[in-house]
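Structure first, commentary second.
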Amino acid sequence: MVTLRPASQRGRTQIGWLDSRHSFSFGDYHDAGQMGFRSLRVINDDRVAPGSGFGTHGHRDMEIITYVLDGELEHRDSLGTGDVLSRGDVQRMTAGTGIRHSEFNPSKSHPVHFLQIWVLPERPGLAPAYEQKSFPEADKRGRLQSIVSPDGHDGAMTIQQDVELFATVLETNESVSHELREGRSGWVQVARGQVELNGQSLGEGDGAAVVNEQRIELKGRDDAEVLLFDLA
């Protein structure tokens with residue numbers, strides 16, 4: 001069964017420098033029917049204006065993934081890490097017992113567009129950790145590139161939960177497929193473009209839960225970039 005989460009029904013936070021769409025309950029947006037899916041707790045589709053960003057703030061007991069779609073995002077944290085992420089870069093952070101960080105758009109002229117994803121960890125009290133890696137578009141073109149996984153296989157970063165995140169870039173009529181083992185579920189998030197998911201049409205910003213299906217089939221209808229979560 002495929003259950004669509006339309007982009008138009010997401011929550012929204014819109015202030016002067018931030019336009020954020022929430023697939024699941026977050027901040028002042030609360031929907032008792034949209035509290036996450038399996039261990040997936042947050043998918044925020046964020047656009048931050050030039051020269052603006054999130055000041056230093058804290059997190060605990062969460063696996064946080066930042067996937068940059070356009071522009072640049074400067075990150076600094078209490079582990080002493082400081083990096084600038086650009087398109088194709090992905091950051092994985094274990095908040096664990098506590099971490100403080102800031103996220104800022106260093107450009108004076110261009111907004112930054114990114115997805116921030118929160119996954120519940122396998123257990124509380126983990127040691128804070130940070131990892132960043134670039135995944136060029138060529139590595140995602142026409143295939144499912146593993147971005148994070150519990151064991152870091154196929155060049156993925158490691159995550160402290162039984163979940164694997166893939167990314168793919170598909171041209172029109174280009175397709176990929178993924179087998180779901182028994183007891184596993186999927187979540188598909190369209191970052192840009194349009195695709196077909198098991199025959200159903202999804203557009204930019206749409207998400208979908210996939211339950212009791214043996215296979216996830218994705219077919220490009222327009223130049224598309226898609227994230228696929230394989231969840232326990």
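Naming scheme: A, B, ... for chains in displayed order of the structure tokens; residues 1 onward per chain; ligands 1 onward as shown.
Within the 7 Å cut-off around segment 202-204 of chain A, using only C-alpha atoms and omitting residues fewer than 3 positions from it on the same chain, the listed residues are Val190, Ala191, Arg192, Gly193, Gln194, Val195, Glu196 and Leu197 of chain A.
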Using N, CA and C atoms, can you write the selected residues to a file as a short mmCIF file (atom, residue, chain, number, x, y, z; two decimals), in the first residue's frame?
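Now in part_26.cif:
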```cif
data_model
loop_
_atom_site.label_atom_id
_atom_site.label_comp_id
_atom_site.auth_asym_id
_atom_site.auth_seq_id
_atom_site.Cartn_x
_atom_site.Cartn_y
_atom_site.Cartn_z
N VAL A 190 10.14 13.24 -2.64
CA VAL A 190 10.58 13.84 -3.90
C VAL A 190 11.19 15.21 -3.59
N ALA A 191 12.49 15.33 -3.82
CA ALA A 191 13.19 16.59 -3.55
C ALA A 191 12.97 17.60 -4.67
N ARG A 192 12.93 17.12 -5.91
CA ARG A 192 12.65 18.00 -7.05
C ARG A 192 12.16 17.15 -8.21
N GLY A 193 11.40 17.77 -9.11
CA GLY A 193 10.91 17.07 -10.29
C GLY A 193 9.67 16.23 -10.00
N GLN A 194 9.40 15.29 -10.90
CA GLN A 194 8.23 14.42 -10.80
C GLN A 194 8.63 12.98 -11.08
N VAL A 195 7.97 12.05 -10.37
CA VAL A 195 8.24 10.63 -10.56
C VAL A 195 6.94 9.85 -10.48
N GLU A 196 7.02 8.59 -10.88
CA GLU A 196 5.98 7.62 -10.59
C GLU A 196 6.51 6.66 -9.54
N LEU A 197 5.72 6.42 -8.50
CA LEU A 197 6.06 5.48 -7.44
C LEU A 197 5.05 4.34 -7.52
#
```
*Could you pull the residues within 8 Å of segment 164-181 of chain A, counting only C-alpha atoms, minus those fewer than 2 positions along the same chain, as an MDAnalysis selection string?*
chainID A and resid 137 140:150 162 183:186 213:231
Dump as JSON lines the rows for residues of segment 186-214 of chain A within 8 Å of segment 3-10 of chain A: closest atom pair and distance in Å with one decimal, only C-alpha atoms counted, ordered by chain and rising residue number.
```
{"residue": "A:Gly203", "atom": "CA", "partner": "A:Ala7", "partner_atom": "CA", "distance": 7.9}
{"residue": "A:Glu204", "atom": "CA", "partner": "A:Ala7", "partner_atom": "CA", "distance": 7.2}
{"residue": "A:Gly205", "atom": "CA", "partner": "A:Ala7", "partner_atom": "CA", "distance": 4.7}
{"residue": "A:Asp206", "atom": "CA", "partner": "A:Ala7", "partner_atom": "CA", "distance": 4.5}
{"residue": "A:Gly207", "atom": "CA", "partner": "A:Arg5", "partner_atom": "CA", "distance": 4.8}
{"residue": "A:Ala208", "atom": "CA", "partner": "A:Leu4", "partner_atom": "CA", "distance": 4.3}
{"residue": "A:Ala209", "atom": "CA", "partner": "A:Thr3", "partner_atom": "CA", "distance": 5.1}
{"residue": "A:Val210", "atom": "CA", "partner": "A:Thr3", "partner_atom": "CA", "distance": 6.6}
```
*asked:* Please report the interatomic distance between atom CA of Ile64 of chain A and atom CA of Ala95 of chain A in Å with one decimal.
replied: 7.4 Å
*Compile the contact shell of segment 124-134 of chain A as an NGL selection string: residues with an atom at most 6 Å away, counting only C-alpha atoms, same-chain residues fewer than 2 positions apart removed.*
:A and (61 or 88-97)
*All alpha helix (DSSP H) positions in segment 49-196 of chain A, as an MDAnalysis selection string*: chainID A and resid 137:140
_Counting only C-alpha atoms, the option among A:Leu115, A:His110, A:Pro121, A:Arg47 closest to Ser23 of chain A_ = A:Leu115
*Taking the chain letters and numbering used in this document, name the residues of segment 5-207 of chain A that DSSP puts in strand (DSSP E or B), as a PyMOL selection string.*
chain A and resi 5+11-14+18-22+26+29+37+40-48+53-59+63-70+72-77+82-86+89-94+99-104+112-119+129-134+141+145-149+157-158+163-170+175-179+185-192+195-197+200-202+207
*Rank nothing, just name the residue among A:Leu85, A:Val188, A:Phe114, A:Ser52 nearest to Gln200 of chain A, using only C-alpha atoms.*
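Answer, going by the shortest atom-to-atom distance: A:Val188.
Taking atom CA of Val119 of chain A and atom CA of Val68 of chain A as endpoints, the distance between them is 17.2 Å.
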I want to know what sits within 12 Å of Gly11 of chain A, based on only C-alpha atoms, with residues of the same chain fewer than 2 positions away left out; could you give that as an mmCIF file with C-alpha atoms, in the first residue's frame?
```cif
data_model
loop_
_atom_site.group_PDB
_atom_site.id
_atom_site.type_symbol
_atom_site.label_atom_id
_atom_site.label_comp_id
_atom_site.auth_asym_id
_atom_site.auth_seq_id
_atom_site.Cartn_x
_atom_site.Cartn_y
_atom_site.Cartn_z
ATOM 1 C CA ARG A 5 1.644 12.749 1.834
ATOM 2 C CA PRO A 6 0.979 15.642 -0.597
ATOM 3 C CA ALA A 7 3.320 18.619 -0.549
ATOM 4 C CA SER A 8 0.322 20.946 -0.332
ATOM 5 C CA GLN A 9 -0.779 19.421 2.969
ATOM 6 C CA THR A 13 6.845 27.966 9.037
ATOM 7 C CA GLN A 14 7.320 31.243 7.179
ATOM 8 C CA ASP A 19 10.428 29.279 4.481
ATOM 9 C CA SER A 20 10.127 25.745 5.865
ATOM 10 C CA ARG A 21 7.666 22.986 4.914
ATOM 11 C CA HIS A 22 7.137 20.160 7.415
ATOM 12 C CA SER A 23 6.168 16.653 6.316
ATOM 13 C CA PHE A 24 5.648 15.748 9.987
ATOM 14 C CA SER A 25 4.749 17.717 13.119
ATOM 15 C CA PHE A 26 7.488 20.195 13.988
ATOM 16 C CA GLY A 27 7.727 23.390 16.026
ATOM 17 C CA ASP A 28 4.408 25.247 16.069
ATOM 18 C CA TYR A 29 2.925 22.855 13.484
ATOM 19 C CA HIS A 30 1.200 19.929 15.172
ATOM 20 C CA ASP A 31 -0.887 17.211 13.544
ATOM 21 C CA GLN A 34 1.567 13.207 11.210
ATOM 22 C CA MET A 35 4.055 12.483 14.001
ATOM 23 C CA VAL A 42 11.220 14.941 10.786
ATOM 24 C CA ILE A 43 11.535 15.925 7.135
ATOM 25 C CA ASN A 44 11.821 19.705 6.818
ATOM 26 C CA ASP A 45 12.163 21.302 3.393
ATOM 27 C CA ASP A 46 14.017 24.533 4.238
ATOM 28 C CA GLY A 205 7.708 18.002 -2.147
#
```
Would you kindly return, as a PDB file with N, CA and C atoms, in the first residue's frame, each protein, DNA or RNA residue with an atom no farther than 10 Å from any atom of Arg87 of chain A, considering only C-alpha atoms and excluding same-chain residues fewer than 5 positions away?
```pdb
ATOM      1  N   TYR A  67      20.686  17.449   3.834  1.00  0.00           N
ATOM      2  CA  TYR A  67      20.894  17.126   2.423  1.00  0.00           C
ATOM      3  C   TYR A  67      20.714  18.415   1.630  1.00  0.00           C
ATOM      4  N   VAL A  68      21.808  18.947   1.087  1.00  0.00           N
ATOM      5  CA  VAL A  68      21.772  20.250   0.418  1.00  0.00           C
ATOM      6  C   VAL A  68      21.402  20.077  -1.057  1.00  0.00           C
ATOM      7  N   LEU A  69      20.374  20.830  -1.471  1.00  0.00           N
ATOM      8  CA  LEU A  69      19.879  20.771  -2.842  1.00  0.00           C
ATOM      9  C   LEU A  69      20.385  21.924  -3.701  1.00  0.00           C
ATOM     10  N   ASP A  70      20.575  23.097  -3.085  1.00  0.00           N
ATOM     11  CA  ASP A  70      21.024  24.254  -3.858  1.00  0.00           C
ATOM     12  C   ASP A  70      21.591  25.289  -2.896  1.00  0.00           C
ATOM     13  N   GLY A  71      22.633  25.997  -3.328  1.00  0.00           N
ATOM     14  CA  GLY A  71      23.243  27.019  -2.486  1.00  0.00           C
ATOM     15  C   GLY A  71      24.267  26.431  -1.521  1.00  0.00           C
ATOM     16  N   GLU A  72      24.578  27.211  -0.475  1.00  0.00           N
ATOM     17  CA  GLU A  72      25.592  26.800   0.503  1.00  0.00           C
ATOM     18  C   GLU A  72      25.053  26.969   1.921  1.00  0.00           C
ATOM     19  N   LEU A  73      25.481  26.062   2.802  1.00  0.00           N
ATOM     20  CA  LEU A  73      25.071  26.089   4.201  1.00  0.00           C
ATOM     21  C   LEU A  73      26.306  25.921   5.072  1.00  0.00           C
ATOM     22  N   VAL A 112      19.697  29.340   0.195  1.00  0.00           N
ATOM     23  CA  VAL A 112      20.110  27.944   0.270  1.00  0.00           C
ATOM     24  C   VAL A 112      18.864  27.093   0.480  1.00  0.00           C
ATOM     25  N   HIS A 113      18.823  25.964  -0.191  1.00  0.00           N
ATOM     26  CA  HIS A 113      17.685  25.037  -0.128  1.00  0.00           C
ATOM     27  C   HIS A 113      18.218  23.678   0.316  1.00  0.00           C
ATOM     28  N   PHE A 114      17.650  23.164   1.393  1.00  0.00           N
ATOM     29  CA  PHE A 114      18.120  21.873   1.901  1.00  0.00           C
ATOM     30  C   PHE A 114      16.989  21.140   2.604  1.00  0.00           C
ATOM     31  N   SER A 134      30.424  14.181   0.283  1.00  0.00           N
ATOM     32  CA  SER A 134      29.852  14.645  -0.971  1.00  0.00           C
ATOM     33  C   SER A 134      29.422  13.443  -1.806  1.00  0.00           C
ATOM     34  N   PHE A 135      28.215  13.537  -2.365  1.00  0.00           N
ATOM     35  CA  PHE A 135      27.689  12.500  -3.256  1.00  0.00           C
ATOM     36  C   PHE A 135      27.378  13.165  -4.595  1.00  0.00           C
ATOM     37  N   PRO A 136      28.315  13.132  -5.541  1.00  0.00           N
ATOM     38  CA  PRO A 136      28.117  13.806  -6.832  1.00  0.00           C
ATOM     39  C   PRO A 136      26.889  13.264  -7.567  1.00  0.00           C
ATOM     40  N   GLU A 137      26.299  14.114  -8.381  1.00  0.00           N
ATOM     41  CA  GLU A 137      25.106  13.713  -9.117  1.00  0.00           C
ATOM     42  C   GLU A 137      25.364  12.493  -9.984  1.00  0.00           C
TER      43      GLU A 137
END
```
*How many Å lie between atom CA of Ile117 of chain A and atom CA of Asp139 of chain A, rounded to one decimal?*
21.1 Å
